[in-house]
Amino acid sequence: MGNGAISTPAAVLGPAIKPKVSAEDWVMRLILLGIAIYLLVAIVLPLYAILSKSFENADGGFIGLANYVKFFSTPALAWSIENSFFVTMISSTIVLLIAFIYAYGLTRSCMPMKSLFKGIALIPILMPSLLPAISLVYMFGAQGIFKGWLPFELYGPAGIIMGEVFYVFPHALTIMLIAMAMSDARLYEAAKALGAGTIKTFFTVTLPGMRYGLVSAFFVTFTLVITDFGVPKVVGGKFNVLATDVYKQVVGRQDFEMGAVVSMVLLVPAVIAFFADRIVQRKQVALVSARAVPYTPHPSRGFDMAMLAFCSFIGLIILTVLGVAAFASLAKFWPYNLSLSLDHYNFDLMDGGGWDSYFNSIELAIWTAIIGTTVVFIGAYLVEKSKGFHVGRGAMQFLCMIPMAVPGLVLGLAYIFFFNAPGNPLGFIYHTMPILVICTVTHFYTVSHLTAVTALKQMDPEFEAVSASLKVPFYKTFWRVTVPVCVPAILDISMYLFVNAMTTVSAVVFLYSPDTALASVAVLNMDDAGDTAPAAAMGMMIVLTAAGVRLLHMLLTRGIQRSTQAWRQR
C-alpha cells in the first residue's frame, strides 16, 4: 500500500484476457499448417511406413521381430554393423585430424593464398561421392597410375576409408573454421602474459575453446560416413557395410522387408549422432561472448611455411583426385591409349540414362532450388516471426529437424513403401519428377531451415512490431523488408539445394524411372555396367555444372547485394 499504490486482489481482476487472434494471424497459421502437413507427408508418414514394413512378411502380415532376429542371426548381415562402425570411426578420426591442421593453418598462420586453399578444400562438395571413388580406382586399381604403391588392397576397408576421408573433408573443415573463428584473442594475450609457451597455450586455450566444434565435427562426419552409399559401392569390394546392404537387399534380392530392417538399423546411429550434435551445438553457442576480441595471427616464418606445406600437400591431393577423374573421362582407352577424346561423353551410347539423365538432373536441381527455397524460407519466417501459437511453432520446429537425422537411402526406401502403397491417393507421383523434387527438398530441408532461421534471428523484431502498429499487412513487410534484408541467406539456400540436388545419389536411387533417370544415378549404373570412363565423364559433368552455377551464384550475390544491402554500408 506504500507510495499511494492501490492493491487489487487477483480474484477481483478475474481470468487474464487472451489477446485476440487477428485474421492475419489465422492466415499465417494456416500457411504454417500447410507446410507442416507437407513435412508430415514427406518425412513422418514415409518413416512410419518403413518401420511398419520391417515388422511384416512378404505378404504384408505382421510377424513381430522375426525380421530383426533373422538379420542379427545372419552373420554376413550382422557383420555389416561392425564393418560400418570400423570404417566410420577410422575415417572420422583421420578426417578430423587433417581438417583440424588445415583449418589451423588458415586461421592461425599468416601463410599466403588462404582464399585459394579454402576454395580448393571445398571442391569435394561439388562431386558425387561416387566420383572420388572412381578416381581412386584409376589411381590405385589394377590398371591405375600408381598401381602397387599401396601396401594394402584398394577394394575393401582401406579404399572406403580413403574415399570417405576425401568426401567428408570439406564438411569437417567448415565446422573447424567456424569453431576457430570464435576464439577470443584476450585469452591468448592472458596466456602470453602469464608466460605460457606455445604448446601449453595450445592445450589450455586453443583445444578447450573449440572442444564443442571438434565434437560437432565428429558427429557430422560420423553421420556422413556411416550413411554414405557411393564410396563403398565403388571400392567396397566384398566388405559389406549397412548402406550397401540396403541397396543389395532391395535392388539385388528384391527383399524389401529385410531392406527395411537394415534401414532401421542404419537409422539408429544416425539419429543418435544427430541429437548429440544438436546438444553440443547449443552449448557451443552459449560460449560466445559479446566482448570477445577476434584473434589475429602474427607472422612466424617457420610456422607459416609449415602450414603452407601441409595445406599445399592436402590441396594437391584434392586436385589430383579431381584431375585423374577428368583425365580418365578424356583418355581414349585407359591405360593403353591415353590420347584425348570426347568419346566417353557420348552418353546416349552407354547404359545409364544418356544425356537425358544429365538434363533431368538440371531440371531437378532447378525445381529443388526454387520450390525448396520458397517453402523453407516462408516456413522459417512463420516459425520465427509469427505471434502466439507457441505449441504449433514448436511442433513445426521439431518437424524441420527430423530430415537431417534420416539417411538418404532410408528416406528413398521409405518413399517406395509409402507412395507406392495401394490406396495411397498420392501414388500417382511415384516414378515422376515431382517425387524426386519432394524427396530432395525434404532430404536437405534441415540445413536450409537452420540457415534461414539464423538470418531471420539477426533482424530486430521491431520491424514486425512497427508494421503491425501501422496496420501494414505482414506479407508486405515480408516482401519489402524481410526478403531484401535476407537476400544473402536466400541465395545461399538456393545454392545449397541446387548443388546437393545435382550430386545426391542415395536419396533418389530407388525412385527414378527410365524417363526420370538422373546424372548421379547414371554414374552408378555405368560403373555397375563396367563403363567406368563414361561414369567418370558424367561425374565431371556434374562437377562442371555445380562449379559453374556456384560461380554464377557468386556473381549474382555481389550484384544483388549492391542493390539490396546498401543499407549495410556507412
# chains A, B, ... in the order shown; residues from 1 in each chain; ligands from 1

$ select_by_dssp --residues "region 304-439 of chain A" --states "alpha helix (DSSP H)" --output "ChimeraX atom specification"
/A:304-330,354-385,390-401,408-419,433-439

$ residues_around --residues "Val168 (chain A)" --least-positions-apart "6" --cutoff "9 Å" --atoms "only C-alpha atoms" --output "MDAnalysis selection string"
chainID A and resid 91:92 95 124:125 220:221 224:225

$ atom_distance --atom1 "CA of Leu173 (chain A)" --atom2 "CA of Val324 (chain A)"
23.2 Å

$ closest_residue --among "A:Ser52, A:Ser135, A:Ser216, A:Thr244" --to "Ser80 (chain A)" --atoms "only C-alpha atoms"
A:Thr244

$ closest_residue --among "A:Thr374, A:Ala133, A:Tyr381, A:Ile35" --to "Phe474 (chain A)" --atoms "only C-alpha atoms"
A:Tyr381

$ closest_residue --among "A:Val481, A:Ala501, A:Leu555, A:Leu126" --to "Gly539 (chain A)" --atoms "only C-alpha atoms"
A:Leu126

$ closest_atom_pairs --of "region 288-397 of chain A" --to "region 431-448 of chain A" --cutoff "9 Å" --atoms "only C-alpha atoms" --output "CSV"
residue,atom,partner,partner_atom,distance
A:Asn360,CA,A:Met433,CA,8.4
A:Glu363,CA,A:Met433,CA,8.7
A:Leu364,CA,A:Val437,CA,6.1
A:Ala365,CA,A:Val437,CA,8.1
A:Trp367,CA,A:Val437,CA,6.7
A:Thr368,CA,A:Val437,CA,5.5
A:Ala369,CA,A:Val441,CA,8.2
A:Ile371,CA,A:Val441,CA,8.0
A:Gly372,CA,A:Val441,CA,5.4
A:Thr373,CA,A:Ser448,CA,7.8
A:Val376,CA,A:Ser448,CA,6.7
A:Phe377,CA,A:Ser448,CA,8.2

$ closest_residue --among "A:Met540, A:Leu39, A:Ala260, A:Met111" --to "Pro299 (chain A)" --atoms "only C-alpha atoms"
A:Met111

$ closest_residue --among "A:Ala533, A:Leu97, A:Ala36, A:Asp527" --to "Asn346 (chain A)" --atoms "only C-alpha atoms"
A:Ala533

$ residues_around --residues "Leu267 (chain A)" --least-positions-apart "4" --cutoff "8 Å" --atoms "only C-alpha atoms" --output "PyMOL selection string"
chain A and resi 263+271+405-407+410

$ closest_residue --among "A:Val499, A:Ile81, A:Leu382, A:Arg301" --to "Gly548 (chain A)" --atoms "only C-alpha atoms"
A:Val499

$ atom_distance --atom1 "CA of Leu426 (chain A)" --atom2 "CA of Leu33 (chain A)"
18.9 Å

$ atom_distance --atom1 "CA of Tyr167 (chain A)" --atom2 "CA of Ile370 (chain A)"
26.5 Å

$ residues_around --residues "Thr451 (chain A)" --least-positions-apart "6" --cutoff "10 Å" --atoms "only C-alpha atoms" --output "PyMOL selection string"
chain A and resi 376-377+380+489-490+492-493

$ residues_around --residues "Phe117 (chain A)" --least-positions-apart "2" --cutoff "9 Å" --atoms "only C-alpha atoms" --output "ChimeraX atom specification"
/A:106,113-115,119-122,311-312,315
